[in-house]
Structures are given as structure tokens and as C-alpha cells.
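Q: Just one file: model36.txt, with compact mmCIF, C-alpha atoms.
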# COMPACT_ATOMS: atom_id res chain seq x y z
CA MET A 1 -14.72 41.43 67.82
CA LYS A 2 -11.15 40.30 68.43
CA SER A 3 -9.32 37.52 66.61
CA VAL A 4 -6.00 35.77 67.13
CA THR A 5 -4.30 33.12 65.03
CA THR A 6 -1.62 30.83 66.47
CA THR A 7 -0.72 27.13 66.32
CA LEU A 8 -1.54 24.13 68.47
CA LEU A 9 0.93 21.54 69.71
CA LEU A 10 -0.10 18.04 68.65
CA ILE A 11 -0.33 16.32 72.02
CA ILE A 12 -2.21 13.03 72.16
CA LEU A 13 -2.88 11.97 75.71
CA LEU A 14 -3.37 8.23 75.37
CA THR A 15 -4.03 7.67 79.07
CA GLY A 16 -7.77 7.77 79.70
CA CYS A 17 -8.65 8.27 76.01
CA THR A 18 -10.11 5.40 74.02
CA GLU A 19 -9.68 5.30 70.24
CA ARG A 20 -13.20 6.67 69.70
CA GLU A 21 -12.81 9.29 72.43
CA ARG A 22 -9.83 10.74 70.60
CA TYR A 23 -12.09 11.98 67.83
CA ALA A 24 -12.31 15.75 68.16
CA GLU A 25 -16.06 15.95 67.60
CA ARG A 26 -16.79 13.94 70.75
CA TYR A 27 -17.03 17.33 72.47
CA LEU A 28 -19.70 18.68 70.11
CA ASN A 29 -23.47 18.71 69.66
CA SER A 30 -25.28 19.46 66.37
CA ILE A 31 -22.36 18.20 64.30
CA GLY A 32 -22.48 19.43 60.72
CA LEU A 33 -20.25 18.86 57.70
CA VAL A 34 -19.75 21.18 54.75
CA LEU A 35 -18.20 19.27 51.85
CA HIS A 36 -16.40 20.63 48.80
CA PRO A 37 -15.25 18.98 45.57
CA ASN A 38 -11.57 19.78 46.18
CA ASN A 39 -11.21 21.72 49.46
CA PRO A 40 -10.98 20.56 53.09
CA ALA A 41 -14.29 19.70 54.73
CA GLU A 42 -15.64 21.93 57.49
CA VAL A 43 -16.64 19.95 60.57
CA SER A 44 -18.46 22.10 63.11
CA GLY A 45 -20.69 21.97 66.14
CA PHE A 46 -21.54 23.51 69.50
CA LEU A 47 -19.64 22.52 72.63
CA LYS A 48 -21.50 20.22 74.97
CA THR A 49 -22.41 21.90 78.26
CA GLN A 50 -19.98 19.79 80.30
CA PHE A 51 -16.96 20.96 78.26
CA ASN A 52 -15.00 24.18 77.87
CA PRO A 53 -13.38 25.30 74.59
CA ASP A 54 -9.90 24.27 75.73
CA ASP A 55 -11.28 20.75 76.42
CA ALA A 56 -11.65 20.36 72.66
CA LEU A 57 -7.86 20.44 72.44
CA GLU A 58 -7.33 17.79 75.12
CA CYS A 59 -6.82 14.60 73.16
CA PRO A 60 -8.38 14.75 69.70
CA ASP A 61 -7.18 12.71 66.75
CA MET A 62 -5.68 15.50 64.64
CA THR A 63 -5.05 13.40 61.53
CA GLY A 64 -5.74 15.58 58.52
CA ILE A 65 -6.89 18.63 60.49
CA ARG A 66 -5.56 21.86 58.97
CA GLU A 67 -7.04 24.43 61.31
CA ILE A 68 -9.32 24.79 64.32
CA SER A 69 -11.60 27.80 64.83
CA PHE A 70 -13.36 28.78 68.04
CA ASN A 71 -16.23 31.20 68.66
CA CYS A 72 -16.29 31.79 72.40
CA SER A 73 -16.56 34.37 75.16
CA ALA A 74 -13.76 36.69 76.23
CA ASP A 75 -13.18 34.59 79.37
CA ASP A 76 -12.82 31.41 77.29
CA TYR A 77 -10.54 33.33 74.92
CA VAL A 78 -8.13 34.04 77.78
CA THR A 79 -8.21 30.41 78.93
CA ILE A 80 -7.47 29.05 75.45
CA THR A 81 -4.66 31.46 74.66
CA GLU A 82 -2.95 30.56 77.94
CA ASN A 83 -2.72 26.97 76.66
CA LEU A 84 -1.46 27.78 73.17
CA GLN A 85 2.28 27.66 73.64
CA ASP A 86 4.60 25.89 71.19
CA CYS A 87 1.65 25.17 68.90
CA MET A 88 1.81 23.45 65.51
CA ILE A 89 -1.78 23.41 64.14
CA PRO A 90 -3.29 26.84 63.37
CA VAL A 91 -6.01 27.94 65.78
CA ALA A 92 -8.28 30.94 65.15
CA ILE A 93 -10.26 32.37 68.07
CA THR A 94 -13.08 34.89 67.72
CA THR A 95 -14.77 36.40 70.76
CA VAL A 96 -18.55 36.61 70.88
CA MET A 97 -21.11 37.54 73.54
CA SER A 98 -20.72 35.65 76.79
CA ASP A 99 -24.23 34.14 76.64
CA VAL A 100 -23.58 32.46 73.26
CA ILE A 101 -22.83 28.74 73.31
CA PRO A 102 -19.20 28.25 72.19
CA SER A 103 -18.74 26.61 68.81
CA VAL A 104 -15.81 24.84 67.17
CA GLU A 105 -14.93 24.20 63.53
CA TYR A 106 -12.24 21.89 62.15
CA LEU A 107 -10.88 22.07 58.59
CA GLN A 108 -10.47 18.39 57.72
CA ASP A 109 -8.56 16.89 54.81
CA GLY A 110 -9.64 13.59 53.28
CA ILE A 111 -13.41 14.15 52.97
CA ALA A 112 -14.94 15.49 49.76
CA TRP A 113 -17.91 14.95 47.47
CA LYS A 114 -18.55 14.56 43.77
CA PRO A 115 -21.71 14.44 41.64
CA ASN A 116 -22.57 11.52 39.36
CA TYR A 117 -25.06 11.59 36.50
CA GLN A 118 -26.60 8.75 34.53
CA TRP A 119 -29.10 9.01 31.68
CA SER A 120 -30.87 7.03 29.02
CA VAL A 121 -32.81 7.96 25.89
CA ARG A 122 -35.50 5.69 24.48
CA GLU A 123 -38.37 6.39 22.12
CA GLY A 124 -38.01 10.14 22.53
CA ILE A 125 -38.02 10.04 26.34
CA CYS A 126 -34.90 10.93 28.33
CA ARG A 127 -34.38 9.91 31.94
CA PHE A 128 -31.74 11.40 34.22
CA THR A 129 -30.60 10.24 37.65
CA ALA A 130 -28.16 12.21 39.80
CA THR A 131 -26.36 10.80 42.82
CA VAL A 132 -23.84 12.15 45.32
CA SER A 133 -20.64 10.30 46.23
CA ILE A 134 -19.01 11.19 49.54
CA VAL A 135 -15.34 10.24 49.40
CA ASN A 136 -13.77 9.51 52.79
CA PHE A 137 -10.03 8.73 52.87
CA THR A 138 -9.40 9.82 56.47
CA GLY A 139 -8.95 6.28 57.78
CA ARG A 140 -11.98 6.49 60.06
CA GLU A 141 -15.76 6.90 59.94
CA TRP A 142 -17.56 10.19 60.58
CA PHE A 143 -20.86 11.05 62.21
CA SER A 144 -22.95 14.05 61.18
CA GLU A 145 -26.40 15.43 61.80
CA SER A 146 -26.42 17.59 58.66
CA ILE A 147 -24.33 17.79 55.49
CA ILE A 148 -24.13 20.57 52.89
CA MET A 149 -22.46 20.03 49.50
CA MET A 150 -20.87 23.11 47.91
CA ASP A 151 -20.00 23.64 44.24
CA MET A 152 -16.76 25.02 42.80
CA LEU A 153 -18.03 28.58 43.36
CA GLN A 154 -18.68 27.86 47.06
CA GLU A 155 -22.45 27.88 46.56
CA PRO A 156 -24.61 25.24 48.31
CA VAL A 157 -26.22 22.81 45.88
CA CYS A 158 -27.32 19.87 48.03
CA ARG A 159 -28.32 19.46 51.66
CA LEU A 160 -28.89 16.38 53.81
CA SER A 161 -30.55 17.05 57.17
CA ASP A 162 -30.63 13.45 58.45
CA THR A 163 -28.20 11.78 60.82
CA LEU A 164 -25.56 9.94 58.82
CA ILE A 165 -22.52 7.77 59.51
CA ILE A 166 -19.92 8.15 56.74
CA PRO A 167 -17.77 5.01 56.40
CA GLU A 168 -14.31 4.83 54.90
CA GLY A 169 -14.20 4.74 51.11
CA GLU A 170 -17.12 6.02 49.02
CA LEU A 171 -20.73 6.41 50.08
CA GLU A 172 -23.31 6.99 47.34
CA LEU A 173 -26.55 8.82 48.12
CA GLY A 174 -29.56 9.54 45.92
CA TRP A 175 -29.99 13.15 44.79
CA TRP A 176 -32.63 13.75 42.08
CA HIS A 177 -34.42 12.02 39.21
CA ALA A 178 -36.19 13.66 36.27
CA GLU A 179 -37.67 12.80 32.88
CA GLY A 180 -38.14 14.87 29.76
CA ILE A 181 -38.38 14.98 25.99
CA ALA A 182 -35.35 14.09 23.88
CA ASN A 183 -35.10 16.25 20.76
CA PRO A 184 -33.47 15.14 17.47
CA LEU A 185 -29.73 14.85 17.00
CA THR A 186 -28.39 18.40 16.77
CA LEU A 187 -25.12 19.45 15.15
CA VAL A 188 -23.91 22.47 17.11
CA TYR A 189 -21.04 24.49 15.71
CA GLY A 190 -18.45 25.71 18.20
CA TRP A 191 -20.08 24.57 21.46
CA PRO A 192 -19.17 23.14 23.87
CA ARG A 193 -16.03 22.28 21.89
CA ASN A 194 -14.83 25.59 20.49
CA ALA A 195 -14.00 24.52 16.93
CA GLY A 196 -16.00 22.27 14.64
CA TRP A 197 -19.30 20.46 14.91
CA ASN A 198 -20.55 18.80 18.10
CA GLN A 199 -23.11 16.00 17.85
CA LEU A 200 -25.49 16.45 20.77
CA ILE A 201 -28.95 15.47 21.98
CA PRO A 202 -30.82 18.37 23.65
CA CYS A 203 -33.25 17.08 26.28
CA HIS A 204 -36.03 19.31 27.57
CA VAL A 205 -36.10 18.48 31.29
CA PRO A 206 -37.73 21.34 33.22
CA ASP A 207 -37.71 19.39 36.51
CA ALA A 208 -33.99 18.57 36.45
CA GLY A 209 -32.00 19.34 39.57
CA GLN A 210 -28.57 20.90 39.88
CA ILE A 211 -25.81 20.18 37.37
CA VAL A 212 -22.44 20.68 39.04
CA PRO A 213 -19.17 20.27 37.09
CA ALA A 214 -16.79 18.09 39.06
CA GLY A 215 -13.67 19.94 37.88
CA GLU A 216 -12.50 23.33 36.76
CA GLU A 217 -13.22 22.63 33.08
CA THR A 218 -16.71 21.90 31.78
CA SER A 219 -15.77 18.51 30.35
CA GLU A 220 -18.39 16.60 32.28
CA TRP A 221 -21.82 15.71 30.92
CA PRO A 222 -24.59 16.66 30.84
CA VAL A 223 -24.23 20.38 30.12
CA ARG A 224 -27.15 22.59 31.10
CA THR A 225 -28.64 25.64 29.38
CA GLY A 226 -31.88 26.78 31.00
CA ASP A 227 -34.27 23.82 31.16
CA THR A 228 -32.31 21.84 28.55
CA LEU A 229 -29.74 19.17 29.35
CA TRP A 230 -27.30 18.46 26.52
CA ILE A 231 -25.72 15.02 26.21
CA GLN A 232 -23.38 13.50 23.65
CA ALA A 233 -25.19 11.59 20.95
CA GLU A 234 -24.97 7.81 21.17
CA HIS A 235 -25.97 7.30 17.52
CA ARG A 236 -23.98 9.65 15.31
CA VAL A 237 -23.84 10.64 11.68
CA GLU A 238 -20.55 10.38 9.79
CA LEU A 239 -19.08 13.85 9.15
CA ARG A 240 -16.44 15.12 6.77
CA GLU A 241 -15.61 18.80 6.66
CA THR A 242 -13.61 20.38 3.81
CA ILE A 243 -12.23 23.90 4.37
CA GLU A 244 -10.69 26.15 1.71
CA GLN A 245 -9.23 29.57 2.43
CA ASN A 246 -10.41 32.61 0.45
CA PRO A 247 -9.49 36.34 0.68
CA ASP A 248 -12.25 37.01 3.24
CA GLY A 249 -12.03 33.84 5.31
CA TYR A 250 -12.98 30.25 4.50
CA ASN A 251 -15.33 28.28 2.25
CA CYS A 252 -16.61 25.17 3.98
CA LEU A 253 -18.32 22.01 2.80
CA LEU A 254 -19.87 19.61 5.32
CA GLU A 255 -20.62 16.07 4.12
CA LEU A 256 -23.00 13.99 6.19
CA ARG A 257 -23.63 10.29 5.75
CA ASN A 258 -25.89 7.96 7.69
CA ASP A 259 -23.88 4.77 7.98
CA SER A 260 -26.17 3.34 10.64
CA GLU A 261 -29.18 1.09 10.16
CA ARG A 262 -31.61 3.61 11.61
CA TYR A 263 -33.42 6.66 10.31
CA MET A 264 -32.05 9.97 11.62
CA GLU A 265 -33.53 13.43 12.03
CA ILE A 266 -30.85 16.09 12.26
CA LYS A 267 -31.07 19.73 13.29
CA PHE A 268 -28.39 22.40 13.08
CA SER A 269 -27.34 25.20 15.41
CA HIS A 270 -24.62 27.77 14.91
CA PRO A 271 -23.88 31.33 16.05
CA ASP A 272 -24.22 34.18 13.59
CA VAL A 273 -20.82 35.47 14.72
CA LEU A 274 -18.06 33.23 16.05
CA PRO A 275 -16.07 34.17 19.19
CA ARG A 276 -13.13 35.34 17.06
CA GLY A 277 -15.34 37.64 15.02
CA ALA A 278 -15.97 35.57 11.90
CA GLU A 279 -19.49 35.72 10.44
CA PHE A 280 -21.11 32.33 9.84
CA VAL A 281 -22.94 32.46 6.49
CA GLU A 282 -25.08 29.65 5.08
CA VAL A 283 -24.29 29.61 1.35
CA GLU A 284 -27.42 27.54 0.88
CA ALA A 285 -30.00 27.72 3.68
CA PHE A 286 -29.73 24.78 6.06
CA PRO A 287 -32.94 22.72 6.40
CA ASP A 288 -34.93 23.03 9.61
CA ILE A 289 -34.70 19.25 9.92
CA LEU A 290 -32.57 17.02 7.70
CA ASP A 291 -33.97 13.53 7.14
CA LEU A 292 -31.32 10.89 6.55
CA TYR A 293 -32.27 7.29 5.93
CA PRO A 294 -29.67 4.52 6.24
CA GLY A 295 -27.03 4.95 3.54
CA GLU A 296 -28.15 8.45 2.54
CA GLN A 297 -25.86 11.48 2.50
CA ALA A 298 -26.21 15.26 2.30
CA LEU A 299 -24.01 18.28 1.60
CA LEU A 300 -24.09 21.64 3.38
CA LYS A 301 -22.16 24.71 2.23
CA TYR A 302 -21.24 27.66 4.43
CA SER A 303 -18.59 30.36 4.76
CA LEU A 304 -16.68 31.93 7.62
CA ILE A 305 -16.18 35.58 6.69
CA TYR A 306 -13.89 38.00 8.51
CA ASP A 307 -14.14 41.77 8.34
CA VAL A 308 -10.75 42.52 6.81
CA SER A 309 -11.28 46.28 7.17
CA SER A 310 -11.19 46.20 10.98
In C-alpha cells, how does this file's structure come out?
A:
Amino acid sequence: MKSVTTTLLLIILLTGCTERERYAERYLNSIGLVLHPNNPAEVSGFLKTQFNPDDALECPDMTGIREISFNCSADDYVTITENLQDCMIPVAITTVMSDVIPSVEYLQDGIAWKPNYQWSVREGICRFTATVSIVNFTGREWFSESIIMMDMLQEPVCRLSDTLIIPEGELELGWWHAEGIANPLTLVYGWPRNAGWNQLIPCHVPDAGQIVPAGEETSEWPVRTGDTLWIQAEHRVELRETIEQNPDGYNCLLELRNDSERYMEIKFSHPDVLPRGAEFVEVEAFPDILDLYPGEQALLKYSLIYDVSS
């Protein structure tokens, strides 16, 4: 294997090239796109038999292209490098066996994807629908014969094997749909928000598809643990937490009040030991399920105890 990286002069030969012909992928068969949430797209394919690798540099529209990569024979390698003088766009060339069909890949800005999730909870049944939005701000449409969506860790999470034309703007595609059982309102201490109580609905949805955060922080919903999808509660209980410091940590009193017009079942979840090392101690054992009718209230006492000897 031998590789070389250089740059390509942006030369657009308008004579003999129509607007559509200027698109770089006109030279390719089996065009595929790999899309990322926040990285350039990878547009790749195999050269058509009537073209040589250096033909792919003849008159493409280079708008938004960061880099071009070739896999080609040693003979094609020599031909390409002879034409790479005074270049401006990076070109990477890797030599392969001479009987392998040459392939080309373009790193293209302006095309990305993002996941969208919708859900509803009614009479104990939760329904989730996931869709994919392809965002195209390149100023032109794209043609592909296969698309792969990657997550933030560069792992594939969705694949479309059909021929698709991607217009400018946003294109929404169906992804997956699943139903499950919605469990009672659950007050979770310290997750996913690190401090305090989170009011969540855990939904048992074993047939749910991928859940992919759209950004670096897990601020999007739902949040997945195993076969459970957690969503923020629509109907919430009023909370008031009183905290008093003591020599070993804190004494805490949680007041709950149902100010709604509906009956609520409430469960509780907390770690035995918090991330900073404090032990979570129920002064009075929490009920397995707390029943709160409209207007009712309840008090829960607990302590956060630190090992002062360590």
C-alpha cells in the first residue's frame, strides 16, 4: 500500500459541462452516502467503466467538498499525481490491486442527519415513533442508492438501501414505531439530572429501536436503559424539599402535594450511594407505591450521610 496526500486546484471547465454534469458523482456507480450528526458526509461510489480516476477531477462542482479520496491501481496513481500541481483541495490516493474497480469518496459539508422522537401515553399504554431528518444545505439535490446514518460514536444506527433523491432543506423519513406499558410516575433521585428529584415515566418498550442523542450531552428525550424508555412526566406532583445540614451530612424532608384533578400513583428510585460518596438513608421506609388523590399530600424523610473518617 502507498498513500499520498496533496491538494487539488479548483478548476471549473464551464465549456461542455452542463450544471448537472458538474456534479462530481456523475462519474460514479453505486453511489452511497454516510451521514453524521455533525461531521461532513461521505459520498462514495465506483468509477463508471468509461471514466478514469483523473476524469473525476475534470469539472465537478466542488462546493463544500473538503477532501477527495481515491482507491486505484498504481498506473492510475501515476496519472493522477501528474495532474495534481498547484492544488487547493486535499486529495488522498491509495493504491490497490490493478484488477479492482477504482473508487472515489468525497467529504461533503452541508449534509447531515438528526433523529426525532414523538410519544404519547394514554390509559397505561405508551406509543413511540422515531423519524430521521436529513438536512441538506448544499444548495443542490443529491442522489444516492444507499444511505447509512452514524451516531456520535461513529457507529451505524440506521440504513436505507433504496434509491433516494435528497432535496434541499429537510427530508423526513420513517424509522421505527413501538408500543409498550407505561409505569406509574417515578421520582428518581440524581438521574438524569445529577442533583434533586426527577419526575419521570418509565415505559417498558422491548421492541423500541435505536435511541441516538442528537448532541454531545444527553439532554434529549427519551433516555434509554435496557428495554425501558424514560420520558419526562406530563402530569407532575408538586414538590418541596427542605435540607438541613448536620455533622454527618444532611437531613432532608420531601413534601409532595397532588394539586391536579387526577389520582396519582407514585414510585421512588434512588441510589444507595450517591456519586460523591454520600449514603442515601430512608429515615422512614418509602412506600412501594404512594397513592395521592387530588389535594392530598405526603411527607418523606431521608438523610445524606458522608463518611467523615475517610
Q: Could you jot down the CA of Ala298 in chain A to CA of Met264 in chain A separation for me, Å, one decimal place?
A: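 For CA of Ala298 in chain A relative to CA of Met264 in chain A, the distance reads 12.2 Å.
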Q: Restricting the calculation to all atoms listed in the file, which member of A:Thr131, A:Ser69, A:Gln297, A:Thr138 is positioned closest to Cys158 in chain A?
A: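 Closest to Cys158 in chain A of all the choices is A:Thr131.
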Q: Check the smallest atom-to-atom distance from each of A:Asp99, A:Glu220, A:Glu170, A:Glu155 to Ser133 in chain A using only C-alpha atoms, then report the winner.
A: A:Glu170
Q: Of the residues A:Glu234, A:Glu179, A:Glu241, A:Glu42, which is the one nearest to Leu107 in chain A, using only C-alpha atoms?
A: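 With only C-alpha atoms as the atom set, the closest residue is A:Glu42.
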Q: Do you have the CA of Gln199 in chain A-CA of Gln245 in chain A distance handy?
A: 24.8 Å
Q: Quick one: of A:Lys114, A:Lys48, A:Arg127, A:Arg257, who's nearest to Ile101 in chain A, counting only C-alpha atoms?
A: A:Lys48
Q: Counting only C-alpha atoms, what is within 10 Å of Gly196 in chain A, bar same-chain residues fewer than 6 positions away, as a ChimeraX atom specification?
A: /A:187-190,241
Q: Can you tell me, as a PyMOL selection string, which residues sit within 8 Å of (-34.6, 6.7, 5.0) in the file's frame, using all atoms listed in the file?
A: chain A and resi 262-264+291-296
Q: Here is a test: counting all atoms listed in the file, which residue of A:Val273, A:Leu35, A:Ile111, A:Phe51 is nearest to Leu160 in chain A?
A: A:Leu35
Q: Point out the residue among A:Gly249, A:Arg236, A:Glu265, A:Leu164 with the least atom-to-atom distance to Gly277 in chain A, counting only C-alpha atoms.
A: A:Gly249
Q: Which residues come within 12 Å of Ile134 in chain A, counting only C-alpha atoms, excluding same-chain residues fewer than 4 positions away, as a ChimeraX atom specification?
A: /A:33-38,41,110-116,138,141-142,147-149,160,164-174
Q: Any idea what the distance is between CA of Met97 in chain A and CA of Tyr27 in chain A?
A: 20.6 Å
Q: Could you name the residues that touch Ile125 in chain A at 6 Å or less, counting only C-alpha atoms, but leaving out those on the same chain fewer than 2 positions away, as a PyMOL selection string?
A: chain A and resi 121-123+180-182
Q: If you count all atoms listed in the file, which residues fall within 7 Å of range 70-78 of chain A, apart from same-chain ones fewer than 4 positions away, as an MDAnalysis selection string?
A: chainID A and resid 53 82 92:98 102:105
